[in-house]
file entry13.tsv (TSV, C-alpha atoms)
chain	number	residue	atom	x	y	z
A	1	MET	CA	127.76	131.12	32.87
A	2	ASN	CA	128.71	134.59	33.97
A	3	ALA	CA	131.66	133.47	36.03
A	4	GLY	CA	133.01	131.53	33.06
A	5	GLY	CA	132.59	134.57	30.85
A	6	TYR	CA	134.57	136.71	33.24
A	7	ILE	CA	137.41	134.23	33.43
A	8	GLU	CA	137.56	134.07	29.64
A	9	MET	CA	137.49	137.85	29.44
A	10	ASP	CA	140.30	138.07	31.99
A	11	ALA	CA	142.39	135.66	29.94
A	12	VAL	CA	141.90	137.78	26.81
A	13	VAL	CA	142.77	140.98	28.69
A	14	LYS	CA	145.90	139.40	30.20
A	15	LYS	CA	147.04	138.23	26.78
A	16	ILE	CA	146.65	141.74	25.37
A	17	ILE	CA	148.47	143.30	28.34
A	18	ASN	CA	151.40	140.91	27.86
A	19	GLU	CA	151.58	141.84	24.18
A	20	VAL	CA	151.66	145.53	25.06
A	21	LYS	CA	154.34	144.92	27.70
A	22	ARG	CA	156.47	143.12	25.09
A	23	GLY	CA	156.37	146.32	23.05
A	24	ASP	CA	153.38	145.81	20.74
A	25	GLN	CA	151.91	149.28	21.07
A	26	GLN	CA	149.11	148.58	18.58
A	27	ALA	CA	147.70	145.85	20.85
A	28	PHE	CA	146.75	148.60	23.31
A	29	ALA	CA	144.01	149.70	20.90
A	30	GLU	CA	142.18	146.45	21.71
A	31	LEU	CA	142.19	147.34	25.41
A	32	VAL	CA	140.85	150.80	24.63
A	33	GLU	CA	138.07	149.28	22.51
A	34	LEU	CA	137.08	146.91	25.32
A	35	TYR	CA	136.76	149.56	28.03
A	36	LYS	CA	136.27	152.93	26.30
A	37	ASP	CA	132.48	153.07	26.80
A	38	LYS	CA	132.63	152.21	30.49
A	39	VAL	CA	135.46	154.60	31.26
A	40	TYR	CA	133.80	157.35	29.24
A	41	GLN	CA	130.52	156.80	31.08
A	42	VAL	CA	132.19	157.07	34.51
A	43	ALA	CA	133.92	160.28	33.42
A	44	TYR	CA	130.74	161.76	31.98
A	45	ARG	CA	128.58	160.88	35.00
A	46	MET	CA	131.18	162.36	37.31
A	47	LEU	CA	131.78	165.55	35.32
A	48	GLY	CA	128.49	166.10	33.48
A	49	ASN	CA	130.25	167.51	30.43
A	50	VAL	CA	131.05	165.81	27.12
A	51	HIS	CA	134.37	167.56	26.48
A	52	GLU	CA	135.73	167.07	29.95
A	53	ALA	CA	134.54	163.46	29.97
A	54	GLN	CA	136.41	162.76	26.74
A	55	ASP	CA	139.51	164.51	28.04
A	56	ILE	CA	139.56	162.64	31.35
A	57	ALA	CA	138.71	159.25	29.79
A	58	GLN	CA	141.55	159.61	27.26
A	59	GLU	CA	143.93	160.71	29.97
A	60	ALA	CA	142.97	157.62	32.01
A	61	PHE	CA	143.98	155.32	29.12
A	62	LEU	CA	147.24	157.20	28.58
A	63	ARG	CA	148.10	156.85	32.28
A	64	ALA	CA	147.22	153.17	32.17
A	65	TYR	CA	149.58	152.74	29.19
A	66	THR	CA	152.53	154.54	30.78
A	67	ASN	CA	152.05	152.76	34.12
A	68	LEU	CA	151.28	149.31	32.74
A	69	GLU	CA	154.51	147.90	34.20
A	70	SER	CA	153.25	148.67	37.70
A	71	PHE	CA	149.92	146.89	37.11
A	72	ASP	CA	149.64	143.71	39.20
A	73	MET	CA	148.57	140.94	36.78
A	74	ASN	CA	146.84	139.05	39.61
A	75	ARG	CA	144.32	141.85	39.94
A	76	LYS	CA	141.46	142.83	37.72
A	77	PHE	CA	142.45	145.26	34.99
A	78	SER	CA	139.07	147.00	34.88
A	79	THR	CA	139.28	147.79	38.62
A	80	TRP	CA	142.68	149.39	38.15
A	81	LEU	CA	141.51	151.34	35.10
A	82	PHE	CA	138.36	152.61	36.87
A	83	ARG	CA	140.53	153.70	39.77
A	84	ILE	CA	142.70	155.82	37.50
A	85	ALA	CA	139.61	157.30	35.82
A	86	THR	CA	137.72	158.15	39.03
A	87	ASN	CA	140.83	159.69	40.61
A	88	LEU	CA	141.35	161.88	37.54
A	89	ALA	CA	137.67	162.89	37.54
A	90	ILE	CA	137.71	163.76	41.26
A	91	ASP	CA	140.91	165.81	40.77
A	92	ARG	CA	139.21	167.69	37.94
A	93	ILE	CA	136.14	168.41	40.09
A	94	ARG	CA	138.34	169.74	42.88
A	95	LYS	CA	140.18	172.06	40.52
A	96	LYS	CA	137.03	173.64	39.13
A	97	LYS	CA	135.26	173.93	42.45
A	98	PRO	CA	134.87	177.76	42.51
A	99	ASP	CA	132.46	177.76	39.55
A	100	PHE	CA	131.08	174.36	40.39
A	101	HIS	CA	127.54	175.46	41.19
A	102	LEU	CA	127.26	177.65	38.14
A	103	GLU	CA	128.12	174.67	35.93
A	104	ASP	CA	125.77	172.44	37.85
A	105	GLN	CA	122.72	174.34	36.75
A	106	VAL	CA	123.45	173.96	33.09
A	107	ALA	CA	124.78	170.44	33.13
A	108	GLY	CA	122.91	168.32	30.62
A	109	THR	CA	121.36	171.28	28.83
A	110	GLU	CA	124.59	172.95	27.84
A	111	ASP	CA	125.54	170.39	25.26
A	112	LEU	CA	123.17	169.23	22.59
A	113	THR	CA	125.54	166.53	21.38
A	114	TYR	CA	124.92	164.93	24.76
A	115	TYR	CA	121.63	163.61	23.42
A	116	SER	CA	123.16	161.94	20.43
A	117	GLN	CA	125.58	159.99	22.59
A	118	PHE	CA	123.13	157.61	24.16
A	119	ALA	CA	123.05	154.18	22.69
A	120	SER	CA	119.42	153.58	21.96
A	121	ASP	CA	117.52	151.41	19.56
A	122	GLU	CA	115.04	153.00	17.20
A	123	GLU	CA	112.01	154.05	19.18
A	124	LEU	CA	108.89	156.09	18.69
A	125	PRO	CA	109.76	159.81	18.77
A	126	GLU	CA	107.54	160.58	21.76
A	127	ASP	CA	109.03	157.76	23.81
A	128	LYS	CA	112.43	159.08	22.86
A	129	VAL	CA	111.69	162.57	24.09
A	130	VAL	CA	110.35	161.30	27.41
A	131	LYS	CA	113.38	159.10	27.78
A	132	LEU	CA	115.77	161.94	27.00
A	133	GLU	CA	114.08	164.21	29.52
A	134	MET	CA	114.47	161.47	32.09
A	135	GLN	CA	118.14	161.06	31.15
A	136	GLU	CA	118.71	164.74	31.56
A	137	TRP	CA	116.96	164.74	34.91
A	138	VAL	CA	119.01	161.78	36.17
A	139	GLN	CA	122.28	163.41	35.15
A	140	ASN	CA	121.28	166.72	36.77
A	141	GLU	CA	120.42	164.97	40.01
A	142	ILE	CA	123.69	163.06	40.02
A	143	MET	CA	125.61	166.29	39.50
A	144	MET	CA	123.93	167.69	42.62
A	145	LEU	CA	125.46	164.98	44.77
A	146	PRO	CA	128.75	165.68	46.55
A	147	PRO	CA	131.56	163.98	44.53
A	148	LYS	CA	132.22	161.30	47.13
A	149	TYR	CA	128.62	160.08	47.02
A	150	ARG	CA	128.47	160.62	43.28
A	151	SER	CA	131.34	158.22	42.54
A	152	ALA	CA	129.82	155.49	44.73
A	153	ILE	CA	126.36	155.83	43.16
A	154	VAL	CA	127.72	155.92	39.58
A	155	LEU	CA	129.87	152.82	40.10
A	156	LYS	CA	127.08	150.95	41.85
A	157	TYR	CA	124.04	151.75	39.71
A	158	MET	CA	125.43	152.82	36.35
A	159	GLU	CA	128.42	150.54	36.03
A	160	ASP	CA	126.65	147.79	37.97
A	161	LEU	CA	129.71	146.91	40.07
A	162	SER	CA	129.80	144.95	43.34
A	163	LEU	CA	130.50	146.65	46.68
A	164	LYS	CA	133.82	144.79	46.83
A	165	GLU	CA	134.87	146.09	43.43
A	166	ILE	CA	133.82	149.63	44.31
A	167	SER	CA	135.80	149.40	47.54
A	168	ASN	CA	138.88	148.38	45.51
A	169	ILE	CA	138.38	151.16	42.98
A	170	LEU	CA	137.87	153.91	45.58
A	171	ASN	CA	140.42	152.40	47.96
A	172	LEU	CA	137.92	152.52	50.82
A	173	PRO	CA	136.58	149.88	53.22
A	174	VAL	CA	133.35	148.19	52.07
A	175	ALA	CA	131.52	149.69	55.09
A	176	THR	CA	132.44	153.21	53.97
A	177	VAL	CA	131.28	152.48	50.42
A	178	LYS	CA	127.95	151.26	51.82
A	179	THR	CA	127.49	154.41	53.88
A	180	ARG	CA	128.19	156.57	50.83
A	181	ILE	CA	125.72	154.66	48.71
A	182	HIS	CA	123.08	154.92	51.48
A	183	ARG	CA	123.58	158.67	51.80
A	184	GLY	CA	123.65	159.21	48.07
A	185	ARG	CA	120.47	157.18	47.68
A	186	GLU	CA	118.81	159.14	50.47
A	187	ALA	CA	119.79	162.49	48.96
A	188	LEU	CA	118.44	161.46	45.54
A	189	ARG	CA	115.20	160.23	47.12
A	190	LYS	CA	114.61	163.55	48.83
A	191	ARG	CA	115.18	165.46	45.61
A	192	LEU	CA	112.91	163.15	43.67
A	193	ARG	CA	110.23	163.71	46.26
A	194	ASP	CA	110.60	167.49	46.09
A	195	SER	CA	110.63	167.68	42.31
B	1	MET	CA	104.48	153.53	65.91
B	2	ALA	CA	107.81	155.29	66.30
B	3	CYS	CA	110.60	154.18	63.99
B	4	SER	CA	113.99	153.39	65.43
B	5	SER	CA	117.18	154.18	63.53
B	6	ASP	CA	117.51	150.40	63.29
B	7	ASP	CA	114.52	150.32	60.99
B	8	LYS	CA	116.05	152.96	58.71
B	9	ARG	CA	119.28	150.99	58.60
B	10	LEU	CA	117.33	147.87	57.79
B	11	ILE	CA	115.72	149.56	54.80
B	12	HIS	CA	119.12	150.27	53.27
B	13	LYS	CA	120.36	146.81	54.15
B	14	TYR	CA	117.28	145.48	52.40
B	15	LEU	CA	118.05	147.54	49.28
B	16	ASP	CA	121.64	146.26	49.35
B	17	GLU	CA	120.17	142.73	49.36
B	18	GLU	CA	122.08	141.92	52.51
B	19	VAL	CA	119.26	141.16	54.94
B	20	THR	CA	118.87	137.78	56.62
B	21	LEU	CA	115.55	135.98	56.40
B	22	LEU	CA	114.76	137.02	59.95
B	23	GLU	CA	115.54	140.70	59.26
B	24	LYS	CA	113.44	140.58	56.13
B	25	LYS	CA	110.43	139.32	58.07
B	26	GLN	CA	111.09	141.93	60.74
B	27	LEU	CA	111.09	144.75	58.16
B	28	GLU	CA	108.03	143.44	56.36
B	29	SER	CA	106.02	143.29	59.57
B	30	HIS	CA	107.20	146.78	60.51
B	31	ILE	CA	106.16	148.21	57.16
B	32	THR	CA	102.59	146.96	57.50
B	33	LYS	CA	102.31	149.03	60.64
B	34	CYS	CA	104.36	152.07	59.58
B	35	PRO	CA	103.25	153.98	56.43
B	36	GLU	CA	106.18	156.39	56.77
B	37	CYS	CA	108.76	153.61	56.42
B	38	GLU	CA	106.75	151.97	53.67
B	39	GLU	CA	106.73	155.20	51.69
B	40	GLN	CA	110.45	155.66	52.19
B	41	LEU	CA	111.18	152.16	50.95
B	42	GLN	CA	108.98	152.67	47.88
B	43	GLU	CA	110.64	156.00	47.09
B	44	LEU	CA	114.12	154.56	47.43
B	45	ARG	CA	113.23	151.67	45.14
B	46	LYS	CA	111.89	154.11	42.58
B	47	THR	CA	115.05	156.24	42.84
B	48	VAL	CA	117.29	153.25	42.23
B	49	ALA	CA	115.14	152.10	39.29
B	50	ILE	CA	115.35	155.54	37.66
B	51	ILE	CA	119.12	155.75	38.04
B	52	GLN	CA	119.55	152.23	36.72
B	53	SER	CA	117.37	153.04	33.73
B	54	ALA	CA	119.86	155.65	32.53
B	55	SER	CA	121.07	154.29	29.19
B	56	HIS	CA	124.60	153.19	28.82
B	57	MET	CA	126.74	155.73	27.06
B	58	LYS	CA	129.06	155.28	24.14
B	59	ALA	CA	132.44	156.92	23.75
B	60	PRO	CA	132.84	159.11	20.63
B	61	ASP	CA	133.79	157.24	17.43
B	62	ASP	CA	137.28	158.70	17.22
B	63	PHE	CA	138.06	157.91	20.86
B	64	THR	CA	140.44	154.97	20.26
B	65	ASP	CA	142.29	156.78	17.46
B	66	ASN	CA	142.76	159.82	19.68
B	67	VAL	CA	144.20	157.72	22.49
B	68	MET	CA	146.51	155.79	20.14
B	69	SER	CA	147.82	158.98	18.51
B	70	ARG	CA	148.71	160.39	21.93
B	71	LEU	CA	150.72	157.36	23.10
B	72	PRO	CA	154.47	157.99	23.49
B	73	LYS	CA	156.41	157.19	20.29
B	74	GLN	CA	158.33	153.93	20.36
B	75	PRO	CA	161.95	153.58	19.25
B	76	ARG	CA	162.39	151.98	15.81
B	77	SER	CA	164.28	148.97	17.14
B	78	THR	CA	161.36	147.97	19.39
B	79	ARG	CA	158.92	148.20	16.52
B	80	TRP	CA	161.22	146.00	14.37
B	81	LYS	CA	161.50	143.39	17.14
B	82	VAL	CA	157.72	143.28	17.54
B	83	TRP	CA	157.31	142.94	13.79
B	84	MET	CA	159.74	140.01	13.72
B	85	LYS	CA	157.90	138.26	16.54
B	86	LYS	CA	154.64	138.68	14.68
B	87	HIS	CA	155.96	137.27	11.39
B	88	PRO	CA	158.10	134.23	12.27
B	89	TYR	CA	157.46	132.49	8.92
B	90	LEU	CA	158.58	135.47	6.88
B	91	ILE	CA	161.77	135.65	8.92
B	92	THR	CA	162.37	131.92	8.42
B	93	ALA	CA	161.82	132.27	4.68
B	94	ALA	CA	164.12	135.30	4.51
B	95	THR	CA	166.84	133.45	6.45
B	96	PHE	CA	166.52	130.42	4.19
B	97	PHE	CA	166.79	132.61	1.13
B	98	LEU	CA	169.86	134.36	2.53
B	99	VAL	CA	171.58	131.02	3.18
B	100	PHE	CA	170.67	129.92	-0.34
B	101	ILE	CA	172.18	133.08	-1.87
B	102	VAL	CA	175.34	132.88	0.23
B	103	SER	CA	175.94	129.23	-0.64
B	104	LEU	CA	175.40	129.93	-4.34
B	105	GLN	CA	177.75	132.85	-4.13
B	106	SER	CA	180.46	130.66	-2.63
B	107	ILE	CA	180.04	128.19	-5.51
B	108	TRP	CA	180.29	131.09	-7.96
B	109	ASN	CA	183.45	132.39	-6.32
B	110	GLU	CA	185.07	128.96	-6.17
B	111	GLY	CA	184.43	128.34	-9.81
B	112	ASN	CA	185.70	131.74	-10.84
B	113	LYS	CA	189.38	130.91	-10.93
B	114	GLU	CA	189.95	128.25	-13.56
B	115	ILE	CA	188.43	127.16	-16.79
B	116	VAL	CA	186.23	124.14	-16.26
B	117	VAL	CA	184.64	121.89	-18.86
B	118	LYS	CA	181.98	119.29	-18.30
B	119	GLY	CA	181.08	116.84	-21.03
B	120	ASP	CA	182.23	113.65	-22.80
B	121	GLY	CA	184.36	113.58	-25.91
B	122	GLN	CA	187.58	114.83	-27.47
B	123	PHE	CA	188.24	118.53	-27.06
B	124	ILE	CA	191.23	120.76	-26.54
B	125	VAL	CA	191.53	123.13	-23.62
B	126	ASP	CA	193.73	126.10	-24.45
B	127	LYS	CA	194.49	127.48	-21.00
B	128	GLU	CA	196.58	130.42	-22.21
B	129	ARG	CA	193.81	131.83	-24.36
B	130	GLY	CA	191.10	130.48	-22.08
B	131	VAL	CA	189.33	128.69	-24.93
B	132	VAL	CA	187.86	125.23	-25.31
B	133	VAL	CA	188.15	124.02	-28.87
B	134	ILE	CA	186.11	121.26	-30.44
B	135	PRO	CA	188.39	120.40	-33.37
B	136	GLU	CA	187.20	119.80	-36.89
B	137	GLY	CA	186.04	116.22	-37.45
B	138	GLU	CA	185.39	115.57	-33.74
B	139	THR	CA	181.91	114.69	-32.51
B	140	ILE	CA	180.73	115.23	-28.97
B	141	SER	CA	177.57	113.38	-27.99
B	142	GLY	CA	175.91	114.90	-24.92
B	143	ASP	CA	175.69	118.31	-23.24
B	144	LEU	CA	178.71	120.54	-22.71
B	145	VAL	CA	179.20	123.06	-19.91
B	146	VAL	CA	182.10	125.52	-20.07
B	147	ARG	CA	182.84	127.85	-17.20
B	148	ASN	CA	185.25	130.80	-17.17
B	149	GLY	CA	186.22	130.42	-20.80
B	150	ASN	CA	185.11	130.70	-24.40
B	151	ILE	CA	184.23	127.86	-26.69
B	152	GLU	CA	185.01	127.45	-30.35
B	153	VAL	CA	183.08	124.77	-32.15
B	154	GLU	CA	184.69	123.54	-35.37
B	155	GLY	CA	183.41	119.97	-35.09
B	156	GLU	CA	179.97	118.65	-34.09
B	157	VAL	CA	178.14	118.72	-30.76
B	158	HIS	CA	175.06	116.52	-30.37
B	159	GLY	CA	173.55	118.27	-27.37
B	160	ASP	CA	173.26	121.63	-25.59
B	161	ILE	CA	176.12	123.97	-24.88
B	162	THR	CA	176.11	126.17	-21.80
B	163	VAL	CA	178.78	128.87	-21.47
B	164	ILE	CA	179.14	130.41	-18.03
B	165	ASN	CA	181.18	133.60	-17.83
B	166	GLY	CA	182.39	133.32	-21.39
B	167	GLU	CA	181.48	133.49	-25.08
B	168	TRP	CA	180.86	130.99	-27.81
B	169	TYR	CA	182.03	130.86	-31.41
B	170	LEU	CA	180.59	128.57	-34.02
B	171	ALA	CA	182.84	127.96	-37.05
B	172	SER	CA	181.23	127.67	-40.47
B	173	LEU	CA	181.77	123.93	-40.48
B	174	GLY	CA	180.76	123.44	-36.84
B	175	GLN	CA	177.38	122.01	-35.90
B	176	VAL	CA	175.37	122.10	-32.66
B	177	THR	CA	172.13	120.13	-32.54
B	178	GLY	CA	170.91	121.50	-29.16
B	179	GLU	CA	170.64	125.01	-27.72
B	180	ILE	CA	173.52	127.32	-26.89
B	181	ASN	CA	173.16	129.25	-23.63
B	182	GLU	CA	175.45	132.01	-22.50
B	183	ILE	CA	175.39	133.03	-18.84
B	184	ASN	CA	177.47	136.02	-17.91
B	185	GLN	CA	175.53	137.79	-15.24
B	186	MET	CA	175.41	136.71	-11.62
B	187	LEU	CA	171.61	136.93	-11.67
B	188	GLU	CA	171.29	134.86	-14.83
B	189	TRP	CA	173.54	132.28	-13.26
B	190	LEU	CA	171.41	132.24	-10.10
B	191	TRP	CA	168.32	131.83	-12.23
B	192	TYR	CA	169.93	128.92	-14.10
B	193	HIS	CA	170.74	127.19	-10.77
B	194	ALA	CA	167.31	127.80	-9.33
B	195	LYS	CA	165.72	126.38	-12.49
B	196	GLU	CA	167.89	123.29	-12.30
B	197	PHE	CA	167.07	122.91	-8.63
B	198	PHE	CA	163.34	123.04	-9.29
B	199	ASN	CA	163.65	120.75	-12.28
B	200	ASP	CA	165.28	118.21	-9.97
B	201	VAL	CA	162.52	118.65	-7.42
B	202	VAL	CA	159.86	118.21	-10.08
B	203	SER	CA	161.51	115.11	-11.45
B	204	ILE	CA	161.74	113.63	-7.94
B	205	VAL	CA	158.05	114.35	-7.42
B	206	ASP	CA	157.29	112.80	-10.81
B	207	ASN	CA	159.27	109.71	-9.89
B	208	ASN	CA	157.38	109.39	-6.63
B	209	ASN	CA	154.08	109.72	-8.43
B	210	GLY	CA	155.19	107.09	-10.84
B	211	GLU	CA	156.01	104.73	-7.99
B	212	ASN	CA	152.67	105.39	-6.39
B	213	ASN	CA	150.92	104.67	-9.64
B	214	ASP	CA	152.83	101.44	-9.93
B	215	LYS	CA	151.68	100.39	-6.51
B	216	SER	CA	148.08	101.27	-7.14
B	217	GLU	CA	147.98	99.29	-10.36
call {"tool": "encode", "arguments": {"input": "entry13.tsv", "output": "structure tokens"}}
result
Amino acid sequence: MNAGGYIEMDAVVKKIINEVKRGDQQAFAELVELYKDKVYQVAYRMLGNVHEAQDIAQEAFLRAYTNLESFDMNRKFSTWLFRIATNLAIDRIRKKKPDFHLEDQVAGTEDLTYYSQFASDEELPEDKVVKLEMQEWVQNEIMMLPPKYRSAIVLKYMEDLSLKEISNILNLPVATVKTRIHRGREALRKRLRDS
Amino acid sequence: MACSSDDKRLIHKYLDEEVTLLEKKQLESHITKCPECEEQLQELRKTVAIIQSASHMKAPDDFTDNVMSRLPKQPRSTRWKVWMKKHPYLITAATFFLVFIVSLQSIWNEGNKEIVVKGDGQFIVDKERGVVVIPEGETISGDLVVRNGNIEVEGEVHGDITVINGEWYLASLGQVTGEINEINQMLEWLWYHAKEFFNDVVSIVDNNNGENNDKSE
């Protein structure tokens, strides 16, 4: 079932990409619609800030558009797109490193709109509050991880990607991806225990 | 019981769902004897569950519009080409219409030079004045078409008169039983042709229907 779905999805994506390559700029909007939530989530989880996440996610799509000619149609488009997005996010983290720890402490609490951005069905208010506190805690803990563990953990547990896909996105051997996930998991466990 | 680093590695391998059946049994038997490793495994499982429970996020509503508005502007020619590819039927229709107009125009131009009369009966063509005269006492039965000239009716015409690119004059004694049409404008002329064309089509369709009815009876 799933495999069939993916193949169908790939066919749709390839059709759209060909339309864009032939000059139909408007067709690109369909690609953005398909992947905007996933790309935005990666950017947000990596940066912990709504404005930066939006900025980086948009930039990722713009880069994908301008470099579409260099995209190998035999590969998976989402992998290529995630690669652009994670590289941009890591570059952004490197650039703001001096005040990195200061921002860390307020991540999640600094932006109230952050709460409204979770897709959630109508729930009882109390459940909602508990859930939001948990969300905030998760994001704070992820922000405490060094970026190289953070990207591996986000792709594995939030985007639900396979080790092979993550290795393609991060351009690292599968063994290295595994080590990063293990270390990230271990670091999170220790913090959970201490909290 | 002291834990080897192998056991720690096995825990992560277990969480990655990459253990063999033998390794799984090995870890399970170790855990029963080692509370420290058991606790670590439980904590790691809990950690993963919490991270996975984080709701999926949605991009802001105006996200796609923002991206699209920031794309590099395309040259006009490319946009036109894309539009043509998307609307092949419109292009076909437009081409057909163009051919139709051009062919009509060539007929118009051809016919522009000399005075032409279509119809049966006795009439005089005065080429110097460019007038077709139906003399007094003459009767024309059927339709008359005059192109590039005027018509003067002094006798009788039992039918319609159509004057293309000219004028008509009916003498006091002259009689026309049908309608008199004057077509001087290119557009009117086109309209006249188009109407005739569709009349033909309709009559063909009617004939076909008639045949079909005959067969069914």
call {"tool": "closest_atom_pairs", "arguments": {"input": "entry13.tsv", "of": "chain B", "to": "chain A", "cutoff": "10 Å", "atoms": "all atoms listed in the file", "output": "tab-separated table"}}
result
residue	atom	partner	partner_atom	distance
B:Arg9	CA	A:His182	CA	9.0
B:Ile11	CA	A:His182	CA	9.7
B:His12	CA	A:His182	CA	6.4
B:Lys13	CA	A:His182	CA	9.0
B:Leu15	CA	A:His182	CA	9.2
B:Asp16	CA	A:Lys178	CA	8.4
B:Gln40	CA	A:Arg189	CA	8.3
B:Leu41	CA	A:Arg189	CA	9.8
B:Gln42	CA	A:Arg189	CA	9.8
B:Glu43	CA	A:Arg189	CA	6.2
B:Leu44	CA	A:Arg189	CA	5.8
B:Arg45	CA	A:Arg189	CA	9.0
B:Lys46	CA	A:Arg189	CA	8.3
B:Thr47	CA	A:Arg189	CA	5.9
B:Val48	CA	A:Tyr157	CA	7.4
B:Ala49	CA	A:Tyr157	CA	8.9
B:Ile50	CA	A:Val138	CA	7.4
B:Ile51	CA	A:Val138	CA	6.3
B:Gln52	CA	A:Tyr157	CA	5.4
B:Ser53	CA	A:Gln135	CA	8.5
B:Ala54	CA	A:Gln135	CA	5.8
B:Ser55	CA	A:Phe118	CA	6.4
B:His56	CA	A:Ala119	CA	6.4
B:Met57	CA	A:Phe118	CA	5.0
B:Lys58	CA	A:Asp37	CA	4.9
B:Ala59	CA	A:Asp37	CA	4.9
B:Pro60	CA	A:Gln117	CA	7.6
B:Phe63	CA	A:Gln58	CA	7.5
B:Thr64	CA	A:Val32	CA	6.1
B:Asp65	CA	A:Ala29	CA	8.1
B:Asn66	CA	A:Gln58	CA	7.7
B:Val67	CA	A:Gln58	CA	5.8
B:Met68	CA	A:Ala29	CA	6.6
B:Arg70	CA	A:Leu62	CA	7.5
B:Leu71	CA	A:Leu62	CA	6.5
B:Pro72	CA	A:Thr66	CA	8.3
B:Lys73	CA	A:Gln25	CA	9.1
B:Gln74	CA	A:Gln25	CA	8.0
B:Pro75	CA	A:Gly23	CA	9.9
B:Thr78	CA	A:Gly23	CA	6.4
B:Arg79	CA	A:Gly23	CA	7.3
B:Trp80	CA	A:Gly23	CA	9.9
B:Lys81	CA	A:Gly23	CA	8.4
B:Val82	CA	A:Asp24	CA	6.0
B:Trp83	CA	A:Asp24	CA	8.5
B:Lys85	CA	A:Asp24	CA	9.8
B:Lys86	CA	A:Asp24	CA	9.4
call {"tool": "atom_distance", "arguments": {"input": "entry13.tsv", "atom1": "atom CA of Asp61 of chain B", "atom2": "atom CA of Thr79 of chain A"}}
result
23.8 Å
call {"tool": "residues_around", "arguments": {"input": "entry13.tsv", "residues": "Leu173 of chain B", "least_positions_apart": "3", "cutoff": "12 Å", "atoms": "all atoms listed in the file", "output": "PDB file with C-alpha atoms, keeping the file's coordinate frame"}}
result
ATOM      1  CA  ILE B 134     186.110 121.260 -30.440  1.00  0.00           C
ATOM      2  CA  PRO B 135     188.390 120.400 -33.370  1.00  0.00           C
ATOM      3  CA  GLU B 136     187.200 119.800 -36.890  1.00  0.00           C
ATOM      4  CA  GLY B 137     186.040 116.220 -37.450  1.00  0.00           C
ATOM      5  CA  GLU B 138     185.390 115.570 -33.740  1.00  0.00           C
ATOM      6  CA  GLU B 152     185.010 127.450 -30.350  1.00  0.00           C
ATOM      7  CA  VAL B 153     183.080 124.770 -32.150  1.00  0.00           C
ATOM      8  CA  GLU B 154     184.690 123.540 -35.370  1.00  0.00           C
ATOM      9  CA  GLY B 155     183.410 119.970 -35.090  1.00  0.00           C
ATOM     10  CA  GLU B 156     179.970 118.650 -34.090  1.00  0.00           C
ATOM     11  CA  VAL B 157     178.140 118.720 -30.760  1.00  0.00           C
ATOM     12  CA  TYR B 169     182.030 130.860 -31.410  1.00  0.00           C
ATOM     13  CA  LEU B 170     180.590 128.570 -34.020  1.00  0.00           C
ATOM     14  CA  VAL B 176     175.370 122.100 -32.660  1.00  0.00           C
TER      15      VAL B 176
END
call {"tool": "residues_around", "arguments": {"input": "entry13.tsv", "residues": "Glu167 of chain B", "least_positions_apart": "5", "cutoff": "12 Å", "atoms": "only C-alpha atoms", "output": "list in words"}}
result
Gly130, Val131, Val132, Val145, Val146, Arg147, Asn148, Gly149, Asn150, Ile151, Glu152, Val153, Ile161, Thr162, Ile180, Asn181, Glu182, Ile183 and Asn184 of chain B
call {"tool": "atom_distance", "arguments": {"input": "entry13.tsv", "atom1": "atom CA of Asn18 of chain A", "atom2": "atom CA of Trp80 of chain A"}}
result
15.9 Å
call {"tool": "atom_distance", "arguments": {"input": "entry13.tsv", "atom1": "atom CA of Lys95 of chain A", "atom2": "atom CA of Tyr149 of chain A"}}
result
17.9 Å
call {"tool": "axis_aligned_box", "arguments": {"input": "entry13.tsv", "around": "segment 48-53 of chain A", "padding_each_side": "8 Å", "output": "AutoDock Vina command-line options"}}
result
--center_x 132.1 --center_y 165.5 --center_z 30.0 --size_x 23.2 --size_y 20.1 --size_z 23.0
call {"tool": "residues_around", "arguments": {"input": "entry13.tsv", "residues": "Ala152 of chain A", "least_positions_apart": "6", "cutoff": "8 Å", "atoms": "all atoms listed in the file", "output": "list in words"}}
result
Ile166, Val177, Arg180, Ile181 and Gly184 of chain A
call {"tool": "closest_residue", "arguments": {"input": "entry13.tsv", "among": "A:Lys76, A:Lys164, A:His51, A:Lys96", "to": "Met9 of chain A", "atoms": "only C-alpha atoms"}}
result
A:Lys76
call {"tool": "closest_residue", "arguments": {"input": "entry13.tsv", "among": "B:Asp62, B:Pro88, B:Leu190, B:Arg76", "to": "Ser106 of chain B", "atoms": "only C-alpha atoms"}}
result
B:Leu190
